[in-house]
$ cat start21.json   # JSON, C-alpha atoms and all ligand atoms
[["chain", "number", "residue", "atom", "x", "y", "z"],
["Z", 1, "MET", "CA", 85.67, 74.91, 93.53],
["Z", 2, "ALA", "CA", 87.90, 74.33, 90.50],
["Z", 3, "ILE", "CA", 91.40, 75.74, 90.59],
["Z", 4, "ASP", "CA", 91.97, 78.32, 87.82],
["Z", 5, "THR", "CA", 94.96, 77.13, 85.82],
["Z", 6, "THR", "CA", 94.35, 79.73, 83.12],
["Z", 7, "THR", "CA", 96.13, 83.05, 83.50],
["Z", 8, "ASP", "CA", 93.05, 85.30, 83.87],
["Z", 9, "LEU", "CA", 92.92, 85.53, 87.64],
["Z", 10, "GLN", "CA", 96.71, 85.48, 87.89],
["Z", 11, "GLN", "CA", 96.81, 88.44, 85.51],
["Z", 12, "THR", "CA", 94.27, 90.27, 87.69],
["Z", 13, "VAL", "CA", 96.45, 89.75, 90.77],
["Z", 14, "GLU", "CA", 99.53, 90.86, 88.84],
["Z", 15, "ASP", "CA", 97.80, 94.03, 87.63],
["Z", 16, "ALA", "CA", 96.63, 94.73, 91.19],
["Z", 17, "ALA", "CA", 100.16, 94.32, 92.56],
["Z", 18, "ALA", "CA", 101.59, 96.65, 89.91],
["Z", 19, "HIS", "CA", 98.94, 99.26, 90.73],
["Z", 20, "LEU", "CA", 99.35, 98.89, 94.51],
["Z", 21, "TYR", "CA", 103.10, 99.31, 94.47],
["Z", 22, "VAL", "CA", 102.95, 102.63, 92.59],
["Z", 23, "TRP", "CA", 99.79, 103.88, 94.33],
["Z", 24, "SER", "CA", 101.10, 103.20, 97.83],
["Z", 25, "LEU", "CA", 104.22, 105.23, 97.05],
["Z", 26, "LYS", "CA", 102.18, 108.27, 95.99],
["Z", 27, "ASP", "CA", 98.97, 108.43, 97.96],
["Z", 28, "ILE", "CA", 99.36, 107.82, 101.70],
["Z", 29, "PRO", "CA", 96.30, 106.76, 103.74],
["Z", 30, "GLN", "CA", 93.99, 109.25, 105.45],
["Z", 31, "ASP", "CA", 94.78, 108.10, 109.00],
["Z", 32, "LEU", "CA", 98.45, 108.87, 108.38],
["Z", 33, "ARG", "CA", 97.60, 112.25, 106.80],
["Z", 34, "ASP", "CA", 95.46, 113.10, 109.85],
["Z", 35, "ALA", "CA", 98.20, 112.02, 112.28],
["Z", 36, "LEU", "CA", 100.87, 114.07, 110.50],
["Z", 37, "ARG", "CA", 98.62, 117.14, 110.37],
["Z", 38, "ASN", "CA", 97.62, 116.75, 114.01],
["Z", 39, "ALA", "CA", 101.29, 116.40, 115.02],
["Z", 40, "MET", "CA", 102.12, 119.59, 113.12],
["Z", 41, "GLU", "CA", 99.33, 121.49, 114.86],
["Z", 42, "THR", "CA", 100.20, 120.32, 118.39],
["Z", 43, "GLU", "CA", 104.01, 120.29, 118.22],
["Z", 44, "THR", "CA", 105.43, 122.93, 120.59],
["Z", 45, "HIS", "CA", 109.11, 122.66, 119.64],
["Z", 46, "LYS", "CA", 110.02, 125.26, 116.99],
["Z", 47, "VAL", "CA", 112.32, 123.08, 114.89],
["Z", 48, "GLY", "CA", 110.06, 120.04, 115.28],
["Z", 49, "LYS", "CA", 107.08, 122.07, 114.07],
["Z", 50, "ARG", "CA", 109.02, 123.31, 111.05],
["Z", 51, "ILE", "CA", 109.98, 119.73, 110.13],
["Z", 52, "LEU", "CA", 106.36, 118.63, 110.41],
["Z", 53, "GLU", "CA", 105.29, 121.55, 108.21],
["Z", 54, "THR", "CA", 107.83, 120.42, 105.62],
["Z", 55, "ILE", "CA", 106.57, 116.84, 105.81],
["Z", 56, "ASN", "CA", 102.96, 117.98, 105.33],
["Z", 57, "THR", "CA", 104.00, 120.19, 102.41],
["Z", 58, "ASN", "CA", 105.83, 117.23, 100.94],
["Z", 59, "VAL", "CA", 102.60, 115.18, 101.07],
["Z", 60, "SER", "CA", 100.62, 118.01, 99.37],
["Z", 61, "VAL", "CA", 103.22, 118.44, 96.63],
["Z", 62, "ALA", "CA", 103.18, 114.69, 95.98],
["Z", 63, "ASP", "CA", 99.37, 114.91, 95.61],
["Z", 64, "GLU", "CA", 99.50, 117.91, 93.26],
["Z", 65, "ARG", "CA", 102.20, 116.46, 91.03],
["Z", 66, "GLN", "CA", 101.09, 112.85, 91.41],
["Z", 67, "ASN", "CA", 104.59, 112.04, 92.50],
["Z", 68, "LEU", "CA", 106.13, 109.81, 95.17],
["Z", 69, "VAL", "CA", 106.04, 111.01, 98.80],
["Z", 70, "CYS", "CA", 109.65, 109.82, 99.20],
["Z", 71, "GLN", "CA", 112.39, 108.87, 96.77],
["Z", 72, "ASP", "CA", 113.02, 105.58, 98.60],
["Z", 73, "THR", "CA", 110.75, 103.07, 96.87],
["Z", 74, "GLY", "CA", 111.71, 100.56, 99.54],
["Z", 75, "LEU", "CA", 111.63, 96.81, 99.49],
["Z", 76, "ALA", "CA", 108.28, 95.62, 98.17],
["Z", 77, "VAL", "CA", 106.44, 93.77, 100.93],
["Z", 78, "TYR", "CA", 102.97, 92.23, 100.56],
["Z", 79, "TYR", "CA", 100.59, 91.06, 103.26],
["Z", 80, "VAL", "CA", 98.25, 88.48, 101.77],
["Z", 81, "ARG", "CA", 95.02, 87.11, 103.29],
["Z", 82, "LEU", "CA", 94.03, 84.17, 101.15],
["Z", 83, "GLY", "CA", 90.66, 82.44, 101.45],
["Z", 84, "GLU", "CA", 90.76, 78.67, 101.12],
["Z", 85, "LEU", "CA", 88.12, 78.86, 98.34],
["Z", 86, "PHE", "CA", 89.91, 81.49, 96.23],
["Z", 87, "PRO", "CA", 90.45, 79.73, 92.88],
["Z", 88, "LEU", "CA", 94.15, 80.53, 92.38],
["Z", 89, "HIS", "CA", 96.99, 78.58, 93.97],
["Z", 90, "PRO", "CA", 99.41, 80.46, 96.28],
["Z", 91, "ALA", "CA", 102.29, 79.59, 93.95],
["Z", 92, "ARG", "CA", 100.51, 81.53, 91.17],
["Z", 93, "ILE", "CA", 99.72, 84.41, 93.51],
["Z", 94, "GLU", "CA", 103.40, 84.63, 94.42],
["Z", 95, "GLN", "CA", 104.33, 84.72, 90.72],
["Z", 96, "ALA", "CA", 101.75, 87.45, 90.14],
["Z", 97, "LEU", "CA", 103.03, 89.63, 93.00],
["Z", 98, "ARG", "CA", 106.59, 89.26, 91.76],
["Z", 99, "GLU", "CA", 105.69, 90.07, 88.17],
["Z", 100, "GLY", "CA", 103.50, 93.00, 89.24],
["Z", 101, "THR", "CA", 106.40, 94.45, 91.26],
["Z", 102, "ARG", "CA", 108.76, 94.01, 88.33],
["Z", 103, "ARG", "CA", 106.35, 95.59, 85.86],
["Z", 104, "ALA", "CA", 105.58, 98.57, 88.11],
["Z", 105, "THR", "CA", 109.30, 99.22, 88.54],
["Z", 106, "LEU", "CA", 110.12, 99.05, 84.85],
["Z", 107, "GLU", "CA", 106.98, 100.68, 83.43],
["Z", 108, "HIS", "CA", 106.52, 103.64, 85.83],
["Z", 109, "PRO", "CA", 109.58, 103.63, 86.14],
["Z", 110, "LEU", "CA", 110.49, 103.41, 89.83],
["Z", 111, "ARG", "CA", 113.90, 103.44, 91.44],
["Z", 112, "SER", "CA", 115.12, 99.88, 91.88],
["Z", 113, "ASN", "CA", 116.82, 99.19, 95.21],
["Z", 114, "THR", "CA", 117.24, 95.43, 95.17],
["Z", 115, "VAL", "CA", 120.78, 94.02, 95.11],
["Z", 116, "HIS", "CA", 122.45, 90.66, 95.77],
["Z", 117, "THR", "CA", 123.38, 90.79, 99.44],
["Z", 118, "LEU", "CA", 127.01, 89.66, 98.91],
["Z", 119, "THR", "CA", 127.95, 91.01, 95.50],
["Z", 120, "ARG", "CA", 125.70, 94.11, 95.76],
["Z", 121, "VAL", "CA", 124.85, 93.64, 92.06],
["Z", 122, "PRO", "CA", 121.43, 95.24, 91.41],
["Z", 123, "THR", "CA", 118.62, 93.25, 89.84],
["Z", 124, "GLY", "CA", 117.18, 96.41, 88.29],
["Z", 125, "ASP", "CA", 113.51, 95.61, 88.85],
["Z", 126, "ASN", "CA", 112.90, 95.49, 92.63],
["Z", 127, "THR", "CA", 112.61, 91.71, 92.61],
["Z", 128, "GLY", "CA", 115.20, 89.14, 93.63],
["Z", 129, "HIS", "CA", 115.66, 85.90, 95.52],
["Z", 130, "LYS", "CA", 112.76, 85.81, 98.04],
["Z", 131, "ILE", "CA", 111.93, 89.43, 97.16],
["Z", 132, "PRO", "CA", 109.22, 90.75, 97.17],
["Z", 133, "HIS", "CA", 108.67, 89.45, 100.65],
["Z", 134, "ILE", "CA", 105.20, 88.00, 101.17],
["Z", 135, "HIS", "CA", 103.43, 87.50, 104.52],
["Z", 136, "TRP", "CA", 100.69, 84.84, 104.21],
["Z", 137, "GLU", "CA", 97.54, 84.38, 106.23],
["Z", 138, "PHE", "CA", 95.09, 81.64, 105.24],
["Z", 139, "VAL", "CA", 91.38, 82.11, 105.93],
["Z", 140, "PRO", "CA", 88.98, 79.14, 106.04],
["Z", 141, "ASP", "CA", 85.55, 79.16, 104.31],
["Z", 142, "TRP", "CA", 86.22, 82.25, 102.21],
["Z", 143, "ASP", "CA", 86.74, 82.75, 98.49],
["Z", 144, "GLY", "CA", 88.48, 86.17, 98.55],
["Z", 145, "LEU", "CA", 92.02, 87.48, 98.43],
["Z", 146, "ASP", "CA", 93.25, 90.64, 100.20],
["Z", 147, "VAL", "CA", 96.61, 92.06, 99.16],
["Z", 148, "LYS", "CA", 98.22, 94.90, 101.09],
["Z", 149, "CYS", "CA", 101.40, 96.46, 99.72],
["Z", 150, "ILE", "CA", 103.80, 98.09, 102.17],
["Z", 151, "PRO", "CA", 106.99, 99.38, 100.54],
["Z", 152, "LYS", "CA", 109.56, 99.42, 103.37],
["Z", 153, "GLY", "CA", 112.16, 102.18, 103.31],
["Z", 154, "SER", "CA", 115.68, 101.28, 104.33],
["Z", 155, "GLY", "CA", 116.16, 104.16, 106.78],
["Z", 156, "SER", "CA", 113.48, 102.75, 109.03],
["Z", 157, "GLU", "CA", 114.20, 99.08, 108.28],
["Z", 158, "ASN", "CA", 117.83, 99.56, 109.35],
["Z", 159, "MET", "CA", 116.44, 100.47, 112.78],
["Z", 160, "SER", "CA", 115.17, 96.96, 113.56],
["Z", 161, "PHE", "CA", 116.09, 95.29, 116.83],
["Z", 162, "LEU", "CA", 115.63, 91.89, 118.41],
["Z", 163, "LYS", "CA", 116.48, 90.61, 121.86],
["Z", 164, "MET", "CA", 115.83, 87.42, 123.75],
["Z", 165, "LEU", "CA", 115.09, 88.81, 127.22],
["Z", 166, "VAL", "CA", 115.19, 86.99, 130.54],
["Z", 167, "PRO", "CA", 111.63, 85.80, 131.29],
["Z", 168, "ALA", "CA", 111.99, 86.72, 134.99],
["Z", 169, "ASP", "CA", 112.61, 90.35, 133.91],
["Z", 170, "GLY", "CA", 109.07, 90.40, 132.50],
["Z", 171, "VAL", "CA", 107.30, 93.32, 130.89],
["Z", 172, "SER", "CA", 109.60, 95.96, 132.40],
["Z", 173, "ALA", "CA", 112.49, 94.52, 130.36],
["Z", 174, "ILE", "CA", 110.31, 94.70, 127.25],
["Z", 175, "LYS", "CA", 109.57, 98.38, 127.87],
["Z", 176, "ARG", "CA", 113.22, 99.16, 128.55],
["Z", 177, "PHE", "CA", 114.32, 97.41, 125.35],
["Z", 178, "VAL", "CA", 111.79, 99.32, 123.23],
["Z", 179, "LEU", "CA", 112.81, 102.60, 124.83],
["Z", 180, "ASP", "CA", 116.55, 101.91, 124.42],
["Z", 181, "SER", "CA", 116.02, 100.88, 120.78],
["Z", 182, "ILE", "CA", 114.10, 104.01, 119.80],
["Z", 183, "VAL", "CA", 116.37, 106.37, 121.75],
["Z", 184, "GLY", "CA", 119.39, 104.69, 120.12],
["Z", 185, "ALA", "CA", 117.81, 105.04, 116.68],
["Z", 186, "GLY", "CA", 117.34, 108.79, 117.12],
["Z", 187, "GLY", "CA", 116.61, 110.51, 113.81],
["Z", 188, "LYS", "CA", 117.84, 107.65, 111.58],
["Z", 189, "PRO", "CA", 114.43, 106.03, 110.89],
["Z", 190, "CYS", "CA", 112.88, 109.36, 109.74],
["Z", 191, "PRO", "CA", 110.57, 109.95, 112.73],
["Z", 192, "PRO", "CA", 107.78, 110.49, 113.60],
["Z", 193, "GLY", "CA", 106.48, 107.11, 112.50],
["Z", 194, "ILE", "CA", 104.88, 103.91, 113.70],
["Z", 195, "VAL", "CA", 106.82, 101.70, 116.11],
["Z", 196, "GLY", "CA", 105.99, 98.03, 115.71],
["Z", 197, "VAL", "CA", 106.71, 95.74, 118.64],
["Z", 198, "GLY", "CA", 106.49, 91.96, 118.48],
["Z", 199, "ILE", "CA", 106.52, 90.02, 121.73],
["Z", 200, "GLY", "CA", 106.48, 86.29, 122.34],
["Z", 201, "GLY", "CA", 106.79, 83.29, 120.05],
["Z", 202, "SER", "CA", 110.32, 82.55, 118.88],
["Z", 203, "ALA", "CA", 113.00, 84.94, 117.61],
["Z", 204, "ASP", "CA", 111.72, 84.88, 114.02],
["Z", 205, "LEU", "CA", 108.06, 85.06, 115.04],
["Z", 206, "ALA", "CA", 108.72, 88.09, 117.28],
["Z", 207, "MET", "CA", 110.18, 90.03, 114.32],
["Z", 208, "HIS", "CA", 107.38, 88.81, 112.08],
["Z", 209, "LEU", "CA", 104.87, 90.18, 114.62],
["Z", 210, "ALA", "CA", 106.71, 93.51, 114.79],
["Z", 211, "LYS", "CA", 106.40, 93.76, 110.99],
["Z", 212, "GLU", "CA", 102.69, 92.96, 111.16],
["Z", 213, "ALA", "CA", 102.32, 95.68, 113.80],
["Z", 214, "ILE", "CA", 103.67, 98.41, 111.52],
["Z", 215, "ALA", "CA", 101.19, 97.39, 108.80],
["Z", 216, "ARG", "CA", 98.20, 98.48, 110.90],
["Z", 217, "PRO", "CA", 96.54, 101.91, 110.47],
["Z", 218, "VAL", "CA", 97.94, 104.61, 112.77],
["Z", 219, "ASP", "CA", 94.89, 104.76, 115.06],
["Z", 220, "ASP", "CA", 94.39, 101.00, 115.26],
["Z", 221, "VAL", "CA", 94.39, 99.52, 118.79],
["Z", 222, "ASN", "CA", 95.15, 95.92, 119.72],
["Z", 223, "PRO", "CA", 91.91, 94.17, 120.80],
["Z", 224, "ASP", "CA", 93.64, 92.54, 123.79],
["Z", 225, "PRO", "CA", 93.25, 95.09, 126.66],
["Z", 226, "ASP", "CA", 96.61, 94.17, 128.23],
["Z", 227, "VAL", "CA", 98.40, 94.64, 124.92],
["Z", 228, "ALA", "CA", 96.47, 97.87, 124.27],
["Z", 229, "ALA", "CA", 97.59, 99.22, 127.66],
["Z", 230, "LEU", "CA", 101.22, 98.45, 126.75],
["Z", 231, "GLU", "CA", 100.75, 100.25, 123.41],
["Z", 232, "ARG", "CA", 99.46, 103.34, 125.23],
["Z", 233, "GLU", "CA", 102.22, 103.32, 127.82],
["Z", 234, "LEU", "CA", 104.98, 102.92, 125.22],
["Z", 235, "PHE", "CA", 103.44, 105.67, 123.09],
["Z", 236, "GLU", "CA", 103.57, 108.09, 126.03],
["Z", 237, "LEU", "CA", 107.08, 107.03, 127.10],
["Z", 238, "LEU", "CA", 108.51, 107.38, 123.58],
["Z", 239, "ASN", "CA", 107.00, 110.82, 123.10],
["Z", 240, "GLU", "CA", 108.61, 111.93, 126.35],
["Z", 241, "THR", "CA", 112.10, 111.23, 124.95],
["Z", 242, "GLY", "CA", 112.23, 114.58, 123.12],
["Z", 243, "ILE", "CA", 113.81, 112.97, 120.03],
["Z", 244, "GLY", "CA", 111.18, 114.68, 117.90],
["Z", 245, "PRO", "CA", 110.64, 114.91, 114.14],
["Z", 246, "MET", "CA", 113.73, 113.76, 112.21],
["Z", 247, "GLY", "CA", 115.55, 113.52, 115.56],
["Z", 248, "LEU", "CA", 115.92, 117.31, 115.84],
["Z", 249, "GLY", "CA", 113.90, 117.68, 119.02],
["Z", 250, "GLY", "CA", 110.22, 117.94, 119.81],
["Z", 251, "ASP", "CA", 107.14, 116.42, 121.39],
["Z", 252, "THR", "CA", 106.38, 114.10, 118.47],
["Z", 253, "THR", "CA", 108.77, 111.17, 118.27],
["Z", 254, "VAL", "CA", 106.20, 108.54, 117.27],
["Z", 255, "LEU", "CA", 102.73, 108.75, 115.74],
["Z", 256, "SER", "CA", 101.72, 105.42, 117.13],
["Z", 257, "VAL", "CA", 102.98, 102.26, 118.86],
["Z", 258, "HIS", "CA", 101.49, 98.94, 117.80],
["Z", 259, "VAL", "CA", 102.19, 95.72, 119.67],
["Z", 260, "GLU", "CA", 101.44, 92.21, 118.42],
["Z", 261, "GLN", "CA", 101.91, 89.22, 120.66],
["Z", 262, "ALA", "CA", 102.09, 85.43, 120.49],
["Z", 263, "HIS", "CA", 102.29, 82.89, 123.29],
["Z", 264, "THR", "CA", 105.83, 81.76, 123.95],
["Z", 265, "HIS", "CA", 107.92, 79.10, 125.71],
["Z", 266, "ILE", "CA", 108.02, 79.37, 129.51],
["Z", 267, "THR", "CA", 111.77, 80.06, 129.35],
["Z", 268, "LEU", "CA", 111.56, 82.64, 126.52],
["Z", 269, "ASN", "CA", 110.78, 86.36, 126.49],
["Z", 270, "PRO", "CA", 111.51, 87.55, 122.92],
["Z", 271, "VAL", "CA", 110.95, 91.15, 121.86],
["Z", 272, "ALA", "CA", 111.42, 92.69, 118.42],
["Z", 273, "VAL", "CA", 111.17, 96.32, 117.34],
["Z", 274, "ASN", "CA", 110.56, 97.43, 113.78],
["Z", 275, "TYR", "CA", 110.23, 101.10, 112.85],
["Z", 276, "GLN", "CA", 108.03, 102.49, 110.10],
["Z", 277, "CYS", "CA", 109.02, 106.02, 109.06],
["Z", 278, "TRP", "CA", 106.68, 109.00, 108.68],
["Z", 279, "ALA", "CA", 106.09, 107.88, 105.06],
["Z", 280, "ALA", "CA", 104.22, 104.85, 106.37],
["Z", 281, "ARG", "CA", 102.93, 103.86, 102.97],
["Z", 282, "ARG", "CA", 100.35, 101.18, 102.43],
["Z", 283, "ALA", "CA", 97.60, 100.36, 99.93],
["Z", 284, "SER", "CA", 95.29, 97.37, 99.60],
["Z", 285, "ALA", "CA", 93.23, 95.49, 97.05],
["Z", 286, "HIS", "CA", 90.31, 93.18, 97.79],
["Z", 287, "ILE", "CA", 90.15, 90.65, 94.97],
["Z", 288, "PHE", "CA", 87.03, 88.56, 94.47],
["Z", 289, "SER", "CA", 86.93, 85.08, 92.97],
["Z", 290, "ASP", "CA", 85.20, 86.42, 89.80],
["Z", 291, "GLY", "CA", 88.19, 88.71, 89.16],
["Z", 292, "THR", "CA", 86.59, 91.94, 90.43],
["Z", 293, "VAL", "CA", 88.99, 94.20, 92.34],
["Z", 294, "ASP", "CA", 88.20, 96.84, 94.98],
["Z", 295, "TYR", "CA", 91.11, 99.14, 95.73],
["Z", 296, "ASP", "CA", 91.29, 100.42, 99.30],
["Z", 297, "ARG", "CA", 93.69, 103.11, 100.50],
["Z", 298, "GLU", "CA", 92.64, 102.84, 104.12],
["Z", 299, "ALA", "CA", 92.78, 99.11, 104.98],
["I", 301, "LIG", "S1", 113.02, 105.77, 105.90],
["I", 301, "LIG", "FE1", 111.05, 106.39, 104.97],
["I", 301, "LIG", "S2", 111.00, 108.64, 104.91],
["I", 301, "LIG", "FE2", 113.13, 107.97, 105.32],
["I", 301, "LIG", "S3", 114.09, 107.93, 103.27],
["I", 301, "LIG", "FE3", 113.34, 105.84, 103.67],
["I", 301, "LIG", "S4", 111.22, 105.76, 102.86],
["I", 301, "LIG", "FE4", 111.84, 107.92, 102.97]]

$ encode --input "start21.json" --output "C-alpha cells"
Amino acid sequence: MAIDTTTDLQQTVEDAAAHLYVWSLKDIPQDLRDALRNAMETETHKVGKRILETINTNVSVADERQNLVCQDTGLAVYYVRLGELFPLHPARIEQALREGTRRATLEHPLRSNTVHTLTRVPTGDNTGHKIPHIHWEFVPDWDGLDVKCIPKGSGSENMSFLKMLVPADGVSAIKRFVLDSIVGAGGKPCPPGIVGVGIGGSADLAMHLAKEAIARPVDDVNPDPDVAALERELFELLNETGIGPMGLGGDTTVLSVHVEQAHTHITLNPVAVNYQCWAARRASAHIFSDGTVDYDREA
C-alpha cells in the first residue's frame, strides 16, 4: 500500500487528536460513571459518602454546562495502536498528535500546564520536548489506527512509585510495596481512582506497564488468571485501608486495581505503581485508512 505523503490523512489524525483532548476532559466514560455512582451508593462512611456525592454532582454539572470535569487539563498522553498497513508514517502521526494537542489548547482554549523542567518557562500550548507523550503499539496485517487520549493530572501522577524488589521476596513484596505506596499517597492523588501496577521487565518497562494499566476501563480484568487474582486481592486490601474518598476516610479508596506484567530477568523483581485519579479521563478514535473516523468514549 502506498504511503500517503499528502496531508489529508495527517489532517484527519490531527483533527481527531484535537477533538479527543477536549472531549476526554469533558465527557468521562460510562464505566467510570457507573463506578463512581456505585461507590456513592455503597459508601458507609458519612464524609466519604458526601465527597462521592460532590464528585457525582461535579460530573453532572460538567455534562449540563459542557464543561471540564476538572480544571487540571493534565499532560496530554496518547496510546496509539498502529496497523502496519495504515498509509501514514508514524513520524507524521506524531506530528499530527502534537499539532492537534496544540490546536485544542489554543482554540478551546484549555489551561496549558507544560513547562521546561529546569527553567519552568511555560510553552503555552500543552506541547513541549517529547510532550505529548505517545505510547506506540504496532499491529501486523492491519490497516487501521486507534488513538486513545488520556490527559494525566499532576495530583495523581505525582503519586508514582518504582522499586526494584529482591526476587526472593516474591509476590508478597510486590503487594507490600503497592500497599505502602497507596497508604503513603493518602488523599494526594484525588482518590478513589484506578491504581495501575506494572510488574516485571526492567525499571522503565515496569513503569510503562503501570501506565498502560491505568488506561484500561474500570471493570477490565487481566486475561491472565494469576494476574487477575492479584488485581482482586490488591483491590480488596486497598479498600480495607480506610483512606477513602479524597483521603478523608471511607470504604472506597480505589475503584479498581489493574496489573500488567512482563517477563523479567531471573535476578530482577521490578514493581511500579501509577495512580489515576477519580477523573480517570479517556477517549478514543478508530481511524480507518480511507480517512473515516469513529469516536469511541468507552474503549
Ligand atoms: S489529580 Fe485528577 S482530580 Fe485531582 S486535580 Fe488533578 S486531574 Fe483533577

$ closest_atom_pairs --input "start21.json" --of "chain Z" --to "ligand LIG 301 (chain I)" --cutoff "7 Å" --atoms "all atoms listed in the file" --output "tab-separated table"
residue	atom	partner	partner_atom	distance
Z:Cys70	CA	I:LIG301	FE4	4.8
Z:Gln71	CA	I:LIG301	FE4	6.3
Z:Asp72	CA	I:LIG301	S4	4.6
Z:Thr73	CA	I:LIG301	S4	6.6
Z:Gly74	CA	I:LIG301	S4	6.2
Z:Lys152	CA	I:LIG301	S4	6.6
Z:Gly153	CA	I:LIG301	S4	3.7
Z:Ser154	CA	I:LIG301	FE3	5.2
Z:Gly155	CA	I:LIG301	S1	3.6
Z:Ser156	CA	I:LIG301	S1	4.4
Z:Pro189	CA	I:LIG301	S1	5.2
Z:Cys190	CA	I:LIG301	FE2	4.6
Z:Cys277	CA	I:LIG301	FE1	4.6
Z:Trp278	CA	I:LIG301	S2	5.7
Z:Ala279	CA	I:LIG301	S2	5.0

$ closest_residue --input "start21.json" --among "Z:Asp125, Z:Asp220, Z:Asp169, Z:Asp294" --to "Arg98 of chain Z" --atoms "all atoms listed in the file"
Z:Asp125

$ atom_distance --input "start21.json" --atom1 "atom CA of Tyr21 of chain Z" --atom2 "atom CA of Ser181 of chain Z"
29.4 Å

$ closest_residue --input "start21.json" --among "Z:Arg33, Z:Arg81, Z:His45, Z:His19" --to "Arg102 of chain Z" --atoms "only C-alpha atoms"
Z:His19

$ residues_around --input "start21.json" --residues "segment 242-258 of chain Z" --least-positions-apart "2" --cutoff "8 Å" --atoms "only C-alpha atoms" --output "ChimeraX atom specification"
/Z:35-36,39,43-49,51-52,183,186-197,213-214,216,218-222,231-232,234-235,238-240,260

$ atom_distance --input "start21.json" --atom1 "atom CA of Asp226 of chain Z" --atom2 "atom CA of Val259 of chain Z"
10.3 Å

$ closest_residue --input "start21.json" --among "Z:Pro270, Z:Gly83, Z:Gly200, Z:Pro29" --to "Phe161 of chain Z" --atoms "all atoms listed in the file"
Z:Pro270

$ closest_residue --input "start21.json" --among "Z:Ala62, Z:Leu145, Z:Leu68, Z:Met40" --to "Leu85 of chain Z" --atoms "only C-alpha atoms"
Z:Leu145

$ atom_distance --input "start21.json" --atom1 "atom CA of Arg282 of chain Z" --atom2 "atom CA of Glu157 of chain Z"
15.2 Å

$ closest_residue --input "start21.json" --among "Z:Met164, Z:Pro223, Z:Pro90, Z:Leu75" --to "Asn126 of chain Z" --atoms "only C-alpha atoms"
Z:Leu75

$ residues_around --input "start21.json" --residues "Pro217 of chain Z" --least-positions-apart "6" --cutoff "8 Å" --atoms "all atoms listed in the file" --output "number ranges by chain"
Z: 31-32, 298-299

$ write_last_selection --input "start21.json" --atoms "C-alpha atoms" --output "short mmCIF file (atom, residue, chain, number, x, y, z; two decimals), in the coordinates of the input"
data_model
loop_
_atom_site.label_atom_id
_atom_site.label_comp_id
_atom_site.auth_asym_id
_atom_site.auth_seq_id
_atom_site.Cartn_x
_atom_site.Cartn_y
_atom_site.Cartn_z
CA ASP Z 31 94.78 108.10 109.00
CA LEU Z 32 98.45 108.87 108.38
CA GLU Z 298 92.64 102.84 104.12
CA ALA Z 299 92.78 99.11 104.98
#

$ closest_atom_pairs --input "start21.json" --of "segment 108-185 of chain Z" --to "segment 24-28 of chain Z" --cutoff "8 Å" --atoms "all atoms listed in the file" --output "tab-separated table"
residue	atom	partner	partner_atom	distance
Z:Cys149	CA	Z:Ser24	CA	7.0
Z:Ile150	CA	Z:Ser24	CA	7.2
Z:Pro151	CA	Z:Leu25	CA	7.4

$ residues_near_point --input "start21.json" --point "(90.0, 93.6, 90.5)" --cutoff "10 Å" --atoms "only C-alpha atoms" --output "PyMOL selection string"
chain Z and resi 9+11-13+15-16+285-295

$ residues_around --input "start21.json" --residues "Thr117 of chain Z" --least-positions-apart "6" --cutoff "12 Å" --atoms "only C-alpha atoms" --output "PyMOL selection string"
chain Z and resi 123+128-131
